[in-house]
Amino acid sequence: MIKSDLIVGHAMELNWRMDMPDLPPPNRTYESPVLNYPTFMGCEMSRKFVDADVDVVVSGVPFDLATTIRPGARFEPTAIRQASTHLDWELRRWPWNFSVFDELSVVDGGDLCFGPTSAEQMVVRLQAHAAQIVAAGKCMLTLGGDHFITLPLLREYARKHGELALIHFDAHADSEEDAGLYNHGSVFYHAVNEGLLVPERSVQIGIRTEYNRMDHKFTVLDAGWVMDHKAHAIIKEIRQVVADGPAYLTFDIDCLDPAFAPGTGTPVVGGLSTDLALKIIRGLVGCKLVGMDIVEVSPPYDHAEITSLAAATLGLEFLYVLAAGRKENRK
């Protein structure tokens, strides 16, 4: 058979398939990652999620006006969605023995719309966006954006659940008192002062920069301690601090060492590996996690999608943790 015959035969097969109205749609997992605008893990893109039978809404917040060194986090949501195409072919994410999408209904709600130079408008719109999702009893996986976006999210989660425990992965404590309102370095100073968090039930993992140790209200598992211990010991400490109340998970990608996440605004050497971070996240099954954000990915400083892929994988692990907790509750 010559090449032209193969082309004709292929065209005839395509026409035959198009003529079959009852042909089932392609499996989400096997759709081409290069067709159309990518969504997180190939999930359905939908803005009509409030009244829908949906468990988790993925939202992008392309905001980086609160950064202090290298900008670019406004490009994070798109980069993470694109990187997630490397993951969505796997029906069961290793090492889990089930498919997360058999347990959870997940939609990608797209990116938050706001004026590109207005931090105030972003706050108002993000709180309104989060309020309708949280009030409907759904969980959010939010893709920043810089770390300032966590503050408006915490306000709406605290409105729903009361004061929250915080599980915070970061190289920085982000608790500066004099950094100003719209600054990613003062997020948790404001969150505590607004009564959104229970400091005694909040833990920060991977910290390796200066903070006020004398007046710091959170438990800190600094990077030196974390890297000297195994995942099970770290998980044990986290669970002891957080206890059994509602907890919010926030992951600043610079918690990872720059070898694993170069694409970020404030890289700090001596951080966690992606392997260790993933093991810790997996160990949170059973915790009452109400939501998660992943922040501070700056694609202009990334290489070969290393950072974006790490962020996408962390987000997927969060979904598996939620799903595994649901499976445990059914036992």
# chains A, B, ... in the order shown; residues from 1 in each chain; ligands from 1
$ select_by_dssp --residues "range 66-230 of chain A" --states "strand (DSSP E)" --output "PyMOL selection string"
chain A and resi 106-111+139-143+165-169+203-205+219-221
$ write_last_selection --atoms "C-alpha atoms" --output "mmCIF file, in the first residue's frame"
data_model
loop_
_atom_site.group_PDB
_atom_site.id
_atom_site.type_symbol
_atom_site.label_atom_id
_atom_site.label_comp_id
_atom_site.auth_asym_id
_atom_site.auth_seq_id
_atom_site.Cartn_x
_atom_site.Cartn_y
_atom_site.Cartn_z
ATOM 1 C CA VAL A 106 -14.192 18.591 39.736
ATOM 2 C CA VAL A 107 -14.690 21.547 37.398
ATOM 3 C CA ASP A 108 -12.338 24.274 36.297
ATOM 4 C CA GLY A 109 -14.060 27.591 36.857
ATOM 5 C CA GLY A 110 -11.516 29.561 34.847
ATOM 6 C CA ASP A 111 -9.716 32.698 36.004
ATOM 7 C CA CYS A 139 -14.210 23.025 48.123
ATOM 8 C CA MET A 140 -11.813 25.315 46.272
ATOM 9 C CA LEU A 141 -8.432 24.566 44.746
ATOM 10 C CA THR A 142 -7.092 28.012 43.907
ATOM 11 C CA LEU A 143 -4.139 28.715 41.631
ATOM 12 C CA ALA A 165 -6.129 25.990 61.509
ATOM 13 C CA LEU A 166 -3.480 26.759 58.906
ATOM 14 C CA ILE A 167 -1.080 24.339 57.223
ATOM 15 C CA HIS A 168 1.410 26.614 55.512
ATOM 16 C CA PHE A 169 4.294 25.461 53.281
ATOM 17 C CA VAL A 203 1.876 25.226 61.498
ATOM 18 C CA GLN A 204 4.407 26.513 58.986
ATOM 19 C CA ILE A 205 6.646 24.044 57.169
ATOM 20 C CA THR A 219 4.370 26.498 65.247
ATOM 21 C CA VAL A 220 7.346 26.491 62.858
ATOM 22 C CA LEU A 221 8.900 23.350 61.427
#
$ residues_around --residues "Pro246 in chain A" --least-positions-apart "5" --cutoff "10 Å" --atoms "only C-alpha atoms" --output "JSON, numbers by chain"
{"A": [157, 158, 161, 162, 163, 164, 165, 166, 201, 287, 288, 289, 290, 291]}
$ closest_atom_pairs --of "range 34-83 of chain A" --to "range 263-272 of chain A" --cutoff "8 Å" --atoms "only C-alpha atoms" --output "JSON lines"
{"residue": "A:Thr67", "atom": "CA", "partner": "A:Gly265", "partner_atom": "CA", "distance": 7.5}
{"residue": "A:Ile69", "atom": "CA", "partner": "A:Gly265", "partner_atom": "CA", "distance": 6.0}
{"residue": "A:Arg70", "atom": "CA", "partner": "A:Gly265", "partner_atom": "CA", "distance": 4.3}
{"residue": "A:Pro71", "atom": "CA", "partner": "A:Gly265", "partner_atom": "CA", "distance": 6.0}
{"residue": "A:Gly72", "atom": "CA", "partner": "A:Gly265", "partner_atom": "CA", "distance": 7.5}
{"residue": "A:Ala73", "atom": "CA", "partner": "A:Thr264", "partner_atom": "CA", "distance": 7.6}
$ write_last_selection --atoms "all heavy atoms" --output "mmCIF file, in the first residue's frame"
data_model
loop_
_atom_site.group_PDB
_atom_site.id
_atom_site.type_symbol
_atom_site.label_atom_id
_atom_site.label_comp_id
_atom_site.auth_asym_id
_atom_site.auth_seq_id
_atom_site.Cartn_x
_atom_site.Cartn_y
_atom_site.Cartn_z
ATOM 1 N N THR A 67 3.755 41.306 45.022
ATOM 2 C CA THR A 67 5.096 40.740 45.104
ATOM 3 C C THR A 67 6.113 41.830 45.446
ATOM 4 O O THR A 67 5.891 43.012 45.182
ATOM 5 C CB THR A 67 5.510 40.089 43.776
ATOM 6 O OG1 THR A 67 5.339 41.047 42.720
ATOM 7 C CG2 THR A 67 4.673 38.883 43.471
ATOM 8 N N ILE A 69 9.779 41.109 44.934
ATOM 9 C CA ILE A 69 11.039 40.947 44.204
ATOM 10 C C ILE A 69 10.731 40.656 42.730
ATOM 11 O O ILE A 69 10.585 41.559 41.939
ATOM 12 C CB ILE A 69 11.919 39.843 44.836
ATOM 13 C CG1 ILE A 69 12.196 40.197 46.317
ATOM 14 C CG2 ILE A 69 13.249 39.727 44.079
ATOM 15 C CD1 ILE A 69 13.079 39.220 47.036
ATOM 16 N N ARG A 70 10.579 39.387 42.350
ATOM 17 C CA ARG A 70 10.363 39.054 40.942
ATOM 18 C C ARG A 70 8.882 38.822 40.673
ATOM 19 O O ARG A 70 8.267 37.964 41.297
ATOM 20 C CB ARG A 70 11.161 37.807 40.556
ATOM 21 C CG ARG A 70 12.646 37.930 40.836
ATOM 22 C CD ARG A 70 13.490 36.859 40.156
ATOM 23 N NE ARG A 70 13.125 35.495 40.435
ATOM 24 C CZ ARG A 70 13.933 34.447 40.216
ATOM 25 N NH1 ARG A 70 15.149 34.656 39.725
ATOM 26 N NH2 ARG A 70 13.534 33.221 40.485
ATOM 27 N N PRO A 71 8.290 39.569 39.744
ATOM 28 C CA PRO A 71 6.882 39.351 39.402
ATOM 29 C C PRO A 71 6.731 38.165 38.462
ATOM 30 O O PRO A 71 7.681 37.464 38.153
ATOM 31 C CB PRO A 71 6.481 40.656 38.726
ATOM 32 C CG PRO A 71 7.750 41.102 38.049
ATOM 33 C CD PRO A 71 8.877 40.675 38.974
ATOM 34 N N GLY A 72 5.498 37.961 37.987
ATOM 35 C CA GLY A 72 5.239 36.913 37.006
ATOM 36 C C GLY A 72 4.227 35.886 37.459
ATOM 37 O O GLY A 72 3.804 35.037 36.665
ATOM 38 N N ALA A 73 3.814 35.943 38.738
ATOM 39 C CA ALA A 73 2.864 34.944 39.244
ATOM 40 C C ALA A 73 1.486 35.085 38.613
ATOM 41 O O ALA A 73 0.665 34.172 38.729
ATOM 42 C CB ALA A 73 2.759 35.027 40.768
#
$ select_by_dssp --residues "range 75-171 of chain A" --states "helix (DSSP H, G or I)" --output "PDB file with C-alpha atoms, in the first residue's frame"
ATOM      1  CA  PHE A  75       0.901  33.758  34.618  1.00  0.00           C
ATOM      2  CA  GLU A  76       0.722  30.880  37.109  1.00  0.00           C
ATOM      3  CA  PRO A  77      -2.839  29.610  36.501  1.00  0.00           C
ATOM      4  CA  THR A  78      -2.273  29.106  32.787  1.00  0.00           C
ATOM      5  CA  ALA A  79       1.129  27.486  33.340  1.00  0.00           C
ATOM      6  CA  ILE A  80      -0.226  25.028  35.916  1.00  0.00           C
ATOM      7  CA  ARG A  81      -3.125  24.050  33.682  1.00  0.00           C
ATOM      8  CA  GLN A  82      -0.735  23.479  30.803  1.00  0.00           C
ATOM      9  CA  ALA A  83       1.646  21.436  32.973  1.00  0.00           C
ATOM     10  CA  SER A  84      -1.244  19.323  34.262  1.00  0.00           C
ATOM     11  CA  THR A  85      -1.586  17.842  30.773  1.00  0.00           C
ATOM     12  CA  HIS A  86       1.490  15.769  31.661  1.00  0.00           C
ATOM     13  CA  VAL A 100      -9.731  10.615  41.963  1.00  0.00           C
ATOM     14  CA  PHE A 101     -12.400  11.404  39.383  1.00  0.00           C
ATOM     15  CA  ASP A 102     -14.359   8.327  40.391  1.00  0.00           C
ATOM     16  CA  GLU A 103     -14.713   9.914  43.832  1.00  0.00           C
ATOM     17  CA  ALA A 119      -5.543  45.088  44.114  1.00  0.00           C
ATOM     18  CA  GLU A 120      -8.705  46.402  45.737  1.00  0.00           C
ATOM     19  CA  GLN A 121     -10.907  45.110  42.935  1.00  0.00           C
ATOM     20  CA  MET A 122      -9.205  41.729  43.037  1.00  0.00           C
ATOM     21  CA  VAL A 123      -9.952  41.416  46.750  1.00  0.00           C
ATOM     22  CA  VAL A 124     -13.618  42.331  46.332  1.00  0.00           C
ATOM     23  CA  ARG A 125     -14.143  39.994  43.406  1.00  0.00           C
ATOM     24  CA  LEU A 126     -12.184  37.082  44.872  1.00  0.00           C
ATOM     25  CA  GLN A 127     -14.150  37.259  48.119  1.00  0.00           C
ATOM     26  CA  ALA A 128     -17.432  37.361  46.191  1.00  0.00           C
ATOM     27  CA  HIS A 129     -16.281  34.437  44.037  1.00  0.00           C
ATOM     28  CA  ALA A 130     -15.158  32.376  47.033  1.00  0.00           C
ATOM     29  CA  ALA A 131     -18.259  33.250  49.048  1.00  0.00           C
ATOM     30  CA  GLN A 132     -20.671  31.650  46.579  1.00  0.00           C
ATOM     31  CA  ILE A 133     -18.551  28.501  46.267  1.00  0.00           C
ATOM     32  CA  VAL A 134     -17.924  28.030  49.977  1.00  0.00           C
ATOM     33  CA  ALA A 135     -21.509  28.859  50.931  1.00  0.00           C
ATOM     34  CA  HIS A 147       0.529  34.785  48.316  1.00  0.00           C
ATOM     35  CA  PHE A 148      -1.638  37.799  49.048  1.00  0.00           C
ATOM     36  CA  ILE A 149      -4.606  36.002  47.449  1.00  0.00           C
ATOM     37  CA  THR A 150      -4.774  33.718  50.496  1.00  0.00           C
ATOM     38  CA  LEU A 151      -6.098  36.521  52.712  1.00  0.00           C
ATOM     39  CA  PRO A 152      -9.429  37.112  50.884  1.00  0.00           C
ATOM     40  CA  LEU A 153      -9.874  33.345  50.612  1.00  0.00           C
ATOM     41  CA  LEU A 154      -9.350  32.865  54.350  1.00  0.00           C
ATOM     42  CA  ARG A 155     -11.960  35.542  55.067  1.00  0.00           C
ATOM     43  CA  GLU A 156     -14.661  33.573  53.270  1.00  0.00           C
ATOM     44  CA  TYR A 157     -13.622  30.193  54.661  1.00  0.00           C
ATOM     45  CA  ALA A 158     -13.621  31.616  58.185  1.00  0.00           C
ATOM     46  CA  ARG A 159     -17.061  33.102  57.569  1.00  0.00           C
ATOM     47  CA  LYS A 160     -18.279  29.588  56.774  1.00  0.00           C
ATOM     48  CA  HIS A 161     -16.274  27.446  59.233  1.00  0.00           C
TER      49      HIS A 161
END
$ closest_residue --among "A:Thr39, A:Asn329, A:Thr307, A:Ser105" --to "Ala52 in chain A" --atoms "only C-alpha atoms"
A:Ser105
$ closest_residue --among "A:Ile207, A:Leu314, A:Leu256, A:Cys113" --to "Trp225 in chain A" --atoms "only C-alpha atoms"
A:Ile207
$ closest_residue --among "A:Ser46, A:Ser99, A:Ser59, A:Thr250" --to "Ala324 in chain A" --atoms "only C-alpha atoms"
A:Ser99
$ atom_distance --atom1 "CA of Val321 in chain A" --atom2 "CA of Val56 in chain A"
12.5 Å
$ closest_residue --among "A:Tyr189, A:Asn183, A:Ser308, A:Phe49" --to "Asp64 in chain A" --atoms "only C-alpha atoms"
A:Asn183
$ closest_residue --among "A:Phe114, A:Phe188, A:Tyr211, A:Trp94" --to "Arg282 in chain A" --atoms "only C-alpha atoms"
A:Trp94
$ residues_around --residues "Pro95 in chain A" --least-positions-apart "2" --cutoff "12 Å" --atoms "only C-alpha atoms" --output "PyMOL selection string"
chain A and resi 90-93+97-100+278-279+282+317+320-321
$ write_last_selection --atoms "C-alpha atoms" --output "PDB file, in the first residue's frame"
ATOM      1  CA  GLU A  90      -2.803   8.463  34.188  1.00  0.00           C
ATOM      2  CA  LEU A  91      -6.100   6.942  35.278  1.00  0.00           C
ATOM      3  CA  ARG A  92      -4.803   6.247  38.764  1.00  0.00           C
ATOM      4  CA  ARG A  93      -2.161   8.634  40.011  1.00  0.00           C
ATOM      5  CA  ASN A  97      -5.048   2.637  43.860  1.00  0.00           C
ATOM      6  CA  PHE A  98      -8.117   4.496  42.608  1.00  0.00           C
ATOM      7  CA  SER A  99      -9.017   7.323  40.235  1.00  0.00           C
ATOM      8  CA  VAL A 100      -9.731  10.615  41.963  1.00  0.00           C
ATOM      9  CA  LEU A 278       4.246  15.107  48.148  1.00  0.00           C
ATOM     10  CA  LYS A 279       4.729  12.543  50.917  1.00  0.00           C
ATOM     11  CA  ARG A 282      -0.402  12.472  51.253  1.00  0.00           C
ATOM     12  CA  GLU A 317      -2.330  15.224  45.341  1.00  0.00           C
ATOM     13  CA  TYR A 320      -6.504  12.616  46.050  1.00  0.00           C
ATOM     14  CA  VAL A 321      -6.225  13.425  49.751  1.00  0.00           C
TER      15      VAL A 321
END
